[in-house]
Number of protein chains: 2
Amino acid sequence: MATRTRQSQRRTEALSRERIVEAAVELLDAAGAGGLTVRALTERLTTGPGAIYWHVGNRGELLDAATDAVVAAALATESAEAPDTPQDEIRAVALGLFDAITEHPWLATQLAMQLSRSPLGSVTPRIFESIGQQVRALGVPERNWFTATSALVHYILGAAGQNAANARVLGPDVDRAEFLAAASRAWEELDPEDYPFTRAVADQVREHDDREQFLAGIDFVLTGITTLHPPTGPQ
Amino acid sequence: MATRTRQSQRRTEALSRERIVEAAVELLDAAGAGGLTVRALTERLTTGPGAIYWHVGNRGELLDAATDAVVAAALATESAEAPDTPQDEIRAVALGLFDAITEHPWLATQLAMQLSRSPLGSVTPRIFESIGQQVRALGVPERNWFTATSALVHYILGAAGQNAANARVLGPDVDRAEFLAAASRAWEELDPEDYPFTRAVADQVREHDDREQFLAGIDFVLTGITTLHPPTGPQ
DNA sequence: CTCCATGTTGGAACTGCGCTCCAAACCTGT
DNA sequence: ACAGGTTTGGAGCGCAGTTCCAACATGGAG
């Protein structure tokens, strides 16, 4: 019995960090955060753990790389045309992230983890910069730039994260209606003593549109920013 | 050799779901989300896996229970006196969660995961109700209750989540200063072409106060809500 | 062309995890 | 005292991430 049965040819397509990250994103999309296992990767790329670890370091780094790749793609998409107002630009950036999370539900948790693990990563500055440039364009006084941008980023990531649940099931509309109906029903059955408000809005849950509500929140923050920190002339 | 060496007495303090959750929170506080292992629990409680699984079901359920316990405690704390404005009430609730996350950094990720996993859990309604009652007290028209409350909750959880990193190191002030300085330095060293804004606010990072900034964000959202949805008379 | 140095690969194996199973210990009522 | 259900602790299974290393491929030196 031969000591090796390796495939005669090396691989047709060379293994690379990029190919691994790409496969990782596909696995994450297909099976969620738990679906990204080194073994699943080895199977999909028809290789062994050693090859992967030679390129990647460890699983956490792979998750970070996948997150970074998806976020970068999302932020790169909608900066093509631009003669809109800063508000519209901010909405566009926010919706880009929102949609990215809708498309890759694992992104929500991953973003939360990565940001709270180390704001020094490459994802935070990317998002921060996109939003911040528009905050500056809004005419917000410079000493409030950081606070205003942080508030926007916090809202965007918080809201987008929550809404990831709605996208987790497959269907685009059918499942969503079912899901909302179930949530609404669950809220209606809460204790009237302890949860009067939640029960009162239970039916609004059924009717609401995620993107609209997300944008409404953005408008709250934007209105707050421009009201409390009105522009100080040009720039 | 005897087949058993069990301790002669049963345990002085009976095992219970509550005791397990309590130990779980301590483990989480001490070693982060990864520190909560069944084996560590068995050691801390001087018992075996079977005993724990008899009370708890699985690890996920334990995490949920720990999250729920901490959130419930946080929300219960500051509802003692109350003759403040709805705005102050909302700030109080928000700060309660903010501080809880600061004290239990694992809470941030856990909240994000639990909320995006199933809004049907017990944590979401709890938070939602606390905020929602104050939104109602603000005089927001009923048809906007859900949107306004959602925006506040999203911001609060998003912001609190991000700030969890600052609390992960032990020291209250020393480490924090170092941490911020490091973050600031990292931002200053970014590519001036790609990150002009982020570089420009790098020094604001060093000076800012987390709680103040968090409250400033709350005020943005509150101002936006009351501006876009002004009160419609009493209640 | 040959041969070696260097960069890559894939698989065997180690560790530690969540979890199941079960016999032993406990407790309660009679 | 003892029979019943309840609770416990440990052995062990399967699977995850990760490490280690012998086998390969490749490109330049002789």
# chains A, B, ... in the order shown; residues from 1 in each chain; ligands from 1
call {"tool": "residues_around", "arguments": {"residues": "Pro86 (chain A)", "least_positions_apart": "5", "cutoff": "8 Å", "atoms": "only C-alpha atoms (C1' of nucleotides)", "output": "ChimeraX atom specification"}}
result
/A:134-135,137-138
call {"tool": "residues_around", "arguments": {"residues": "DT30 (chain C)", "least_positions_apart": "3", "cutoff": "12 Å", "atoms": "only C-alpha atoms (C1' of nucleotides)", "output": "short mmCIF file (atom, residue, chain, number, x, y, z; two decimals) with N, CA and C atoms (P, O5', C5', C4', C3', O3' and C1' of nucleotides), in the first residue's frame"}}
result
data_model
loop_
_atom_site.label_atom_id
_atom_site.label_comp_id
_atom_site.auth_asym_id
_atom_site.auth_seq_id
_atom_site.Cartn_x
_atom_site.Cartn_y
_atom_site.Cartn_z
P DA D 1 -34.46 0.01 60.17
"O5'" DA D 1 -35.25 -0.62 58.97
"C5'" DA D 1 -35.89 -1.86 59.18
"C4'" DA D 1 -36.83 -2.07 58.04
"C3'" DA D 1 -36.15 -2.11 56.68
"O3'" DA D 1 -36.86 -3.06 55.89
"C1'" DA D 1 -37.68 -0.31 56.71
P DC D 2 -36.09 -3.89 54.78
"O5'" DC D 2 -36.90 -3.39 53.49
"C5'" DC D 2 -38.31 -3.23 53.58
"C4'" DC D 2 -38.81 -2.25 52.54
"C3'" DC D 2 -37.89 -2.11 51.31
"O3'" DC D 2 -38.71 -1.97 50.18
"C1'" DC D 2 -38.38 -0.01 52.14
P DA D 3 -38.66 -3.08 49.00
"O5'" DA D 3 -39.68 -2.49 47.93
"C5'" DA D 3 -40.97 -2.10 48.35
"C4'" DA D 3 -41.42 -0.85 47.61
"C3'" DA D 3 -40.93 -0.76 46.17
"O3'" DA D 3 -41.97 -0.25 45.35
"C1'" DA D 3 -40.18 1.13 47.37
P DG D 4 -41.79 -0.18 43.77
"O5'" DG D 4 -41.68 1.39 43.53
"C5'" DG D 4 -42.86 2.20 43.67
"C4'" DG D 4 -42.49 3.67 43.55
"C3'" DG D 4 -41.66 4.00 42.32
"O3'" DG D 4 -42.54 4.48 41.28
"C1'" DG D 4 -40.68 4.96 44.29
#
call {"tool": "closest_atom_pairs", "arguments": {"of": "chain C", "to": "chain B", "cutoff": "9 Å", "atoms": "only C-alpha atoms (C1' of nucleotides)", "output": "tab-separated table"}}
result
residue	atom	partner	partner_atom	distance
C:DC17	C1'	B:Thr37	CA	7.7
C:DG18	C1'	B:Val38	CA	7.5
C:DC19	C1'	B:Asn58	CA	8.1
C:DT20	C1'	B:Gly50	CA	8.6
C:DA24	C1'	B:Arg4	CA	7.5
C:DA25	C1'	B:Arg10	CA	8.2
C:DC26	C1'	B:Arg10	CA	7.2
call {"tool": "write_last_selection", "arguments": {"atoms": "N, CA, C and O atoms (P, O5', C5', C4', C3', O3' and C1' of nucleotides)", "output": "short mmCIF file (atom, residue, chain, number, x, y, z; two decimals), in the first residue's frame"}}
result
data_model
loop_
_atom_site.label_atom_id
_atom_site.label_comp_id
_atom_site.auth_asym_id
_atom_site.auth_seq_id
_atom_site.Cartn_x
_atom_site.Cartn_y
_atom_site.Cartn_z
P DC C 17 -12.25 22.85 27.53
"O5'" DC C 17 -13.65 22.73 26.78
"C5'" DC C 17 -13.92 23.59 25.69
"C4'" DC C 17 -14.97 22.97 24.79
"C3'" DC C 17 -16.24 22.57 25.51
"O3'" DC C 17 -17.14 23.66 25.54
"C1'" DC C 17 -15.53 20.92 23.88
P DG C 18 -18.41 23.57 26.45
"O5'" DG C 18 -19.38 22.66 25.57
"C5'" DG C 18 -19.98 23.19 24.41
"C4'" DG C 18 -20.87 22.15 23.79
"C3'" DG C 18 -22.12 21.81 24.61
"O3'" DG C 18 -23.22 21.65 23.74
"C1'" DG C 18 -20.83 19.85 24.32
P DC C 19 -24.69 21.59 24.32
"O5'" DC C 19 -24.85 20.02 24.53
"C5'" DC C 19 -24.66 19.17 23.41
"C4'" DC C 19 -24.59 17.73 23.86
"C3'" DC C 19 -25.69 17.29 24.82
"O3'" DC C 19 -26.63 16.52 24.09
"C1'" DC C 19 -23.54 16.34 25.33
P DT C 20 -27.87 15.84 24.82
"O5'" DT C 20 -27.37 14.34 25.07
"C5'" DT C 20 -26.73 13.66 24.01
"C4'" DT C 20 -26.46 12.21 24.39
"C3'" DT C 20 -27.60 11.51 25.14
"O3'" DT C 20 -27.68 10.18 24.65
"C1'" DT C 20 -25.63 11.45 26.46
P DA C 24 -24.03 0.37 40.48
"O5'" DA C 24 -24.07 1.54 41.54
"C5'" DA C 24 -22.93 2.36 41.66
"C4'" DA C 24 -23.34 3.70 42.20
"C3'" DA C 24 -23.86 3.69 43.64
"O3'" DA C 24 -23.09 4.58 44.39
"C1'" DA C 24 -25.26 4.99 42.24
P DA C 25 -22.99 4.44 45.93
"O5'" DA C 25 -23.99 5.55 46.47
"C5'" DA C 25 -23.50 6.88 46.54
"C4'" DA C 25 -24.67 7.79 46.47
"C3'" DA C 25 -25.45 7.95 47.77
"O3'" DA C 25 -25.06 9.17 48.36
"C1'" DA C 25 -26.83 7.97 45.81
P DC C 26 -25.60 9.50 49.82
"O5'" DC C 26 -27.04 10.12 49.57
"C5'" DC C 26 -27.13 11.41 48.99
"C4'" DC C 26 -28.56 11.66 48.59
"C3'" DC C 26 -29.55 11.83 49.72
"O3'" DC C 26 -29.77 13.22 49.87
"C1'" DC C 26 -30.45 10.61 47.87
#
call {"tool": "residues_around", "arguments": {"residues": "region 194-198 of chain A", "least_positions_apart": "5", "cutoff": "12 Å", "atoms": "only C-alpha atoms (C1' of nucleotides)", "output": "PyMOL selection string"}}
result
(chain A and resi 183-189+203-205) or (chain B and resi 120+122+124-137+142+145-146+149-150)
call {"tool": "write_last_selection", "arguments": {"atoms": "N, CA, C and O atoms", "output": "CSV table (one decimal), in the first residue's frame"}}
result
chain,number,residue,atom,x,y,z
A,183,ALA,N,-44.4,36.5,15.7
A,183,ALA,CA,-43.9,37.4,16.7
A,183,ALA,C,-45.0,38.3,17.3
A,183,ALA,O,-45.1,38.5,18.5
A,184,SER,N,-45.8,38.7,16.4
A,184,SER,CA,-47.0,39.6,16.9
A,184,SER,C,-47.9,38.8,17.8
A,184,SER,O,-48.3,39.3,18.9
A,185,ARG,N,-48.1,37.6,17.5
A,185,ARG,CA,-49.0,36.7,18.3
A,185,ARG,C,-48.4,36.5,19.7
A,185,ARG,O,-49.0,36.6,20.7
A,186,ALA,N,-47.1,36.2,19.6
A,186,ALA,CA,-46.4,36.0,20.9
A,186,ALA,C,-46.5,37.2,21.8
A,186,ALA,O,-46.7,37.1,23.0
A,187,TRP,N,-46.3,38.4,21.2
A,187,TRP,CA,-46.4,39.6,22.0
A,187,TRP,C,-47.8,39.9,22.5
A,187,TRP,O,-48.0,40.5,23.6
A,188,GLU,N,-48.8,39.4,21.8
A,188,GLU,CA,-50.2,39.7,22.2
A,188,GLU,C,-50.5,38.8,23.4
A,188,GLU,O,-51.4,39.1,24.2
A,189,GLU,N,-49.7,37.7,23.6
A,189,GLU,CA,-50.1,36.8,24.6
A,189,GLU,C,-49.3,37.1,25.9
A,189,GLU,O,-49.3,36.3,26.8
A,203,ASP,N,-49.7,44.6,17.0
A,203,ASP,CA,-50.2,44.6,15.6
A,203,ASP,C,-49.4,45.4,14.6
A,203,ASP,O,-49.4,45.2,13.4
A,204,GLN,N,-48.7,46.5,15.2
A,204,GLN,CA,-47.9,47.3,14.3
A,204,GLN,C,-46.7,46.4,13.8
A,204,GLN,O,-46.1,46.7,12.8
A,205,VAL,N,-46.3,45.4,14.6
A,205,VAL,CA,-45.2,44.5,14.2
A,205,VAL,C,-45.6,43.8,12.9
A,205,VAL,O,-44.8,43.8,12.0
B,120,LEU,N,-38.6,36.4,20.1
B,120,LEU,CA,-39.7,35.9,20.9
B,120,LEU,C,-39.2,35.6,22.3
B,120,LEU,O,-40.0,35.3,23.2
B,122,SER,N,-37.5,36.3,26.0
B,122,SER,CA,-38.0,37.1,27.1
B,122,SER,C,-37.2,38.4,27.3
B,122,SER,O,-37.7,39.4,27.9
B,124,THR,N,-36.1,40.7,24.8
B,124,THR,CA,-36.6,41.7,23.9
B,124,THR,C,-37.8,42.4,24.5
B,124,THR,O,-37.8,43.7,24.7
B,125,PRO,N,-38.9,41.7,24.8
B,125,PRO,CA,-40.0,42.4,25.4
B,125,PRO,C,-39.7,43.3,26.6
B,125,PRO,O,-40.2,44.4,26.8
B,126,ARG,N,-38.8,42.7,27.5
B,126,ARG,CA,-38.5,43.4,28.7
B,126,ARG,C,-37.9,44.8,28.4
B,126,ARG,O,-38.4,45.8,28.9
B,127,ILE,N,-36.9,44.8,27.5
B,127,ILE,CA,-36.3,46.1,27.1
B,127,ILE,C,-37.3,47.0,26.4
B,127,ILE,O,-37.5,48.2,26.7
B,128,PHE,N,-38.0,46.4,25.5
B,128,PHE,CA,-38.9,47.1,24.6
B,128,PHE,C,-40.0,47.8,25.5
B,128,PHE,O,-40.3,49.0,25.3
B,129,GLU,N,-40.5,47.0,26.4
B,129,GLU,CA,-41.5,47.6,27.3
B,129,GLU,C,-41.0,48.8,28.1
B,129,GLU,O,-41.7,49.8,28.2
B,130,SER,N,-39.9,48.7,28.7
B,130,SER,CA,-39.3,49.7,29.5
B,130,SER,C,-39.2,51.0,28.7
B,130,SER,O,-39.6,52.1,29.2
B,131,ILE,N,-38.7,50.9,27.5
B,131,ILE,CA,-38.5,52.1,26.7
B,131,ILE,C,-39.9,52.6,26.2
B,131,ILE,O,-40.2,53.8,26.2
B,132,GLY,N,-40.7,51.6,25.7
B,132,GLY,CA,-41.9,52.0,25.1
B,132,GLY,C,-42.8,52.8,26.0
B,132,GLY,O,-43.5,53.7,25.5
B,133,GLN,N,-42.9,52.4,27.2
B,133,GLN,CA,-43.8,53.1,28.1
B,133,GLN,C,-43.4,54.6,28.2
B,133,GLN,O,-44.3,55.5,28.3
B,134,GLN,N,-42.1,54.9,28.1
B,134,GLN,CA,-41.7,56.3,28.2
B,134,GLN,C,-42.0,57.0,26.8
B,134,GLN,O,-42.2,58.2,26.8
B,135,VAL,N,-41.9,56.2,25.8
B,135,VAL,CA,-42.2,56.8,24.5
B,135,VAL,C,-43.7,57.2,24.5
B,135,VAL,O,-44.0,58.3,24.0
B,136,ARG,N,-44.5,56.4,25.0
B,136,ARG,CA,-45.9,56.7,25.1
B,136,ARG,C,-46.1,58.0,26.0
B,136,ARG,O,-46.8,58.9,25.6
B,137,ALA,N,-45.3,58.0,27.1
B,137,ALA,CA,-45.4,59.2,28.0
B,137,ALA,C,-44.9,60.5,27.3
B,137,ALA,O,-45.3,61.6,27.7
B,142,GLU,N,-49.8,57.4,18.6
B,142,GLU,CA,-49.8,55.9,18.7
B,142,GLU,C,-49.2,55.2,17.5
B,142,GLU,O,-48.5,54.2,17.6
B,145,TRP,N,-45.5,54.6,17.7
B,145,TRP,CA,-44.9,54.1,18.9
B,145,TRP,C,-43.9,53.0,18.5
B,145,TRP,O,-42.7,53.0,19.0
B,146,PHE,N,-44.3,52.1,17.6
B,146,PHE,CA,-43.4,51.0,17.3
B,146,PHE,C,-42.1,51.5,16.7
B,146,PHE,O,-41.0,51.1,17.1
B,149,THR,N,-39.9,53.5,19.3
B,149,THR,CA,-39.3,52.7,20.3
B,149,THR,C,-38.2,51.8,19.7
B,149,THR,O,-37.2,51.6,20.3
B,150,SER,N,-38.5,51.3,18.5
B,150,SER,CA,-37.5,50.4,17.9
B,150,SER,C,-36.2,51.2,17.7
B,150,SER,O,-35.1,50.7,17.9
call {"tool": "closest_atom_pairs", "arguments": {"of": "chain B", "to": "chain D", "cutoff": "7 Å", "atoms": "only C-alpha atoms (C1' of nucleotides)", "output": "JSON lines"}}
result
{"residue": "B:Thr47", "atom": "CA", "partner": "D:DG9", "partner_atom": "C1'", "distance": 5.9}
{"residue": "B:Gly48", "atom": "CA", "partner": "D:DG9", "partner_atom": "C1'", "distance": 4.6}
{"residue": "B:Gly50", "atom": "CA", "partner": "D:DG9", "partner_atom": "C1'", "distance": 6.8}
{"residue": "B:Ala51", "atom": "CA", "partner": "D:DT8", "partner_atom": "C1'", "distance": 5.6}
call {"tool": "write_last_selection", "arguments": {"atoms": "all heavy atoms", "output": "mmCIF file, in the first residue's frame"}}
result
data_model
loop_
_atom_site.group_PDB
_atom_site.id
_atom_site.type_symbol
_atom_site.label_atom_id
_atom_site.label_comp_id
_atom_site.auth_asym_id
_atom_site.auth_seq_id
_atom_site.Cartn_x
_atom_site.Cartn_y
_atom_site.Cartn_z
ATOM 1 N N THR B 47 -19.450 19.217 40.718
ATOM 2 C CA THR B 47 -20.478 18.264 40.333
ATOM 3 C C THR B 47 -20.112 17.690 38.965
ATOM 4 O O THR B 47 -18.980 17.861 38.523
ATOM 5 C CB THR B 47 -21.848 18.946 40.280
ATOM 6 O OG1 THR B 47 -22.826 17.998 39.883
ATOM 7 C CG2 THR B 47 -21.856 20.093 39.306
ATOM 8 N N GLY B 48 -21.013 17.044 38.334
ATOM 9 C CA GLY B 48 -20.753 16.474 37.022
ATOM 10 C C GLY B 48 -21.672 17.058 35.981
ATOM 11 O O GLY B 48 -22.600 17.793 36.307
ATOM 12 N N GLY B 50 -23.894 15.651 34.166
ATOM 13 C CA GLY B 50 -25.256 15.152 34.256
ATOM 14 C C GLY B 50 -26.133 16.037 35.118
ATOM 15 O O GLY B 50 -27.259 16.378 34.746
ATOM 16 N N ALA B 51 -25.610 16.412 36.259
ATOM 17 C CA ALA B 51 -26.388 17.247 37.176
ATOM 18 C C ALA B 51 -26.771 18.550 36.510
ATOM 19 O O ALA B 51 -27.914 19.012 36.594
ATOM 20 C CB ALA B 51 -25.578 17.522 38.438
#
call {"tool": "select_by_dssp", "arguments": {"residues": "region 21-213 of chain B", "states": "alpha helix (DSSP H)", "output": "VMD selection string"}}
result
chain B and resid 21 to 31 38 to 44 49 to 56 59 to 77 86 to 103 106 to 117 123 to 137 145 to 162 164 to 168 174 to 188 196 to 200 202 to 207 210 to 213
call {"tool": "closest_residue", "arguments": {"among": "B:Gly158, B:Pro192, B:Pro230, B:Gly34", "to": "chain A", "atoms": "only C-alpha atoms"}}
result
B:Gly158
call {"tool": "residues_around", "arguments": {"residues": "Ala74 (chain B)", "least_positions_apart": "5", "cutoff": "10 Å", "atoms": "only C-alpha atoms (C1' of nucleotides)", "output": "JSON, numbers by chain"}}
result
{"B": [68, 69, 79, 93, 94, 95, 96, 97, 98, 99, 100, 101]}
call {"tool": "atom_distance", "arguments": {"atom1": "CA of Arg91 (chain A)", "atom2": "CA of Ala151 (chain B)"}}
result
14.8 Å
call {"tool": "decode", "arguments": {"residues": "region 38-127 of chain B", "atoms": "C-alpha atoms", "output": "compact mmCIF listing (two decimals), in the first residue's frame"}}
result
# COMPACT_ATOMS: atom_id res chain seq x y z
CA VAL B 38 -19.70 22.89 31.05
CA ARG B 39 -16.49 21.51 32.45
CA ALA B 40 -15.61 24.76 34.18
CA LEU B 41 -19.08 24.79 35.63
CA THR B 42 -18.77 21.27 36.95
CA GLU B 43 -15.52 22.20 38.63
CA ARG B 44 -16.87 25.38 40.15
CA LEU B 45 -19.96 23.65 41.44
CA THR B 46 -18.08 20.41 42.24
CA THR B 47 -20.48 18.26 40.33
CA GLY B 48 -20.75 16.47 37.02
CA PRO B 49 -22.21 17.30 33.62
CA GLY B 50 -25.26 15.15 34.26
CA ALA B 51 -26.39 17.25 37.18
CA ILE B 52 -26.08 20.42 35.16
CA TYR B 53 -27.85 19.05 32.13
CA TRP B 54 -30.63 17.81 34.33
CA HIS B 55 -31.40 21.40 35.30
CA VAL B 56 -30.51 23.28 32.19
CA GLY B 57 -30.96 21.56 28.86
CA ASN B 58 -27.98 22.86 26.98
CA ARG B 59 -25.34 25.50 26.85
CA GLY B 60 -27.35 27.90 24.74
CA GLU B 61 -30.21 27.85 27.19
CA LEU B 62 -27.75 28.62 29.96
CA LEU B 63 -26.40 31.61 28.05
CA ASP B 64 -29.92 32.84 27.46
CA ALA B 65 -30.77 32.44 31.12
CA ALA B 66 -27.65 34.30 32.19
CA THR B 67 -28.42 37.11 29.76
CA ASP B 68 -31.97 37.29 30.94
CA ALA B 69 -30.97 37.39 34.58
CA VAL B 70 -28.50 40.21 34.10
CA VAL B 71 -30.84 42.27 31.93
CA ALA B 72 -33.70 41.82 34.36
CA ALA B 73 -31.50 42.97 37.23
CA ALA B 74 -30.33 45.98 35.24
CA LEU B 75 -33.84 47.04 34.31
CA ALA B 76 -35.15 46.53 37.83
CA THR B 77 -32.52 48.73 39.46
CA GLU B 78 -33.42 52.21 38.46
CA SER B 79 -37.17 52.31 38.61
CA ALA B 80 -37.29 53.29 42.24
CA GLU B 81 -38.08 56.99 42.22
CA ALA B 82 -39.72 58.33 39.12
CA PRO B 83 -41.11 61.86 38.99
CA ASP B 84 -38.75 62.75 36.17
CA THR B 85 -39.53 63.55 32.60
CA PRO B 86 -39.98 60.71 30.11
CA GLN B 87 -36.68 61.76 28.59
CA ASP B 88 -34.93 61.27 31.90
CA GLU B 89 -36.61 57.93 32.34
CA ILE B 90 -35.39 56.79 28.96
CA ARG B 91 -31.89 57.97 29.77
CA ALA B 92 -32.05 56.07 33.05
CA VAL B 93 -33.14 52.84 31.39
CA ALA B 94 -30.54 53.26 28.69
CA LEU B 95 -27.78 53.93 31.19
CA GLY B 96 -28.89 50.91 33.18
CA LEU B 97 -28.31 48.71 30.16
CA PHE B 98 -25.15 50.58 29.28
CA ASP B 99 -23.70 49.99 32.71
CA ALA B 100 -24.80 46.38 32.73
CA ILE B 101 -22.89 45.81 29.52
CA THR B 102 -19.92 47.67 30.89
CA GLU B 103 -19.94 45.40 33.90
CA HIS B 104 -20.59 42.25 31.89
CA PRO B 105 -18.86 42.74 28.55
CA TRP B 106 -20.06 39.39 27.24
CA LEU B 107 -23.60 40.79 27.41
CA ALA B 108 -23.18 42.87 24.26
CA THR B 109 -22.57 40.00 21.90
CA GLN B 110 -24.99 37.82 23.74
CA LEU B 111 -27.77 40.36 23.44
CA ALA B 112 -27.10 40.79 19.75
CA MET B 113 -27.17 37.05 19.21
CA GLN B 114 -30.23 36.44 21.30
CA LEU B 115 -32.22 39.24 19.71
CA SER B 116 -31.35 38.28 16.18
CA ARG B 117 -31.97 34.63 16.95
CA SER B 118 -35.51 35.04 18.13
CA PRO B 119 -37.31 38.22 19.10
CA LEU B 120 -39.69 35.92 20.88
CA GLY B 121 -37.41 35.45 23.83
CA SER B 122 -38.02 37.13 27.11
CA VAL B 123 -35.26 39.72 26.87
CA THR B 124 -36.59 41.73 23.94
CA PRO B 125 -40.02 42.45 25.38
CA ARG B 126 -38.48 43.42 28.69
CA ILE B 127 -36.30 46.12 27.15
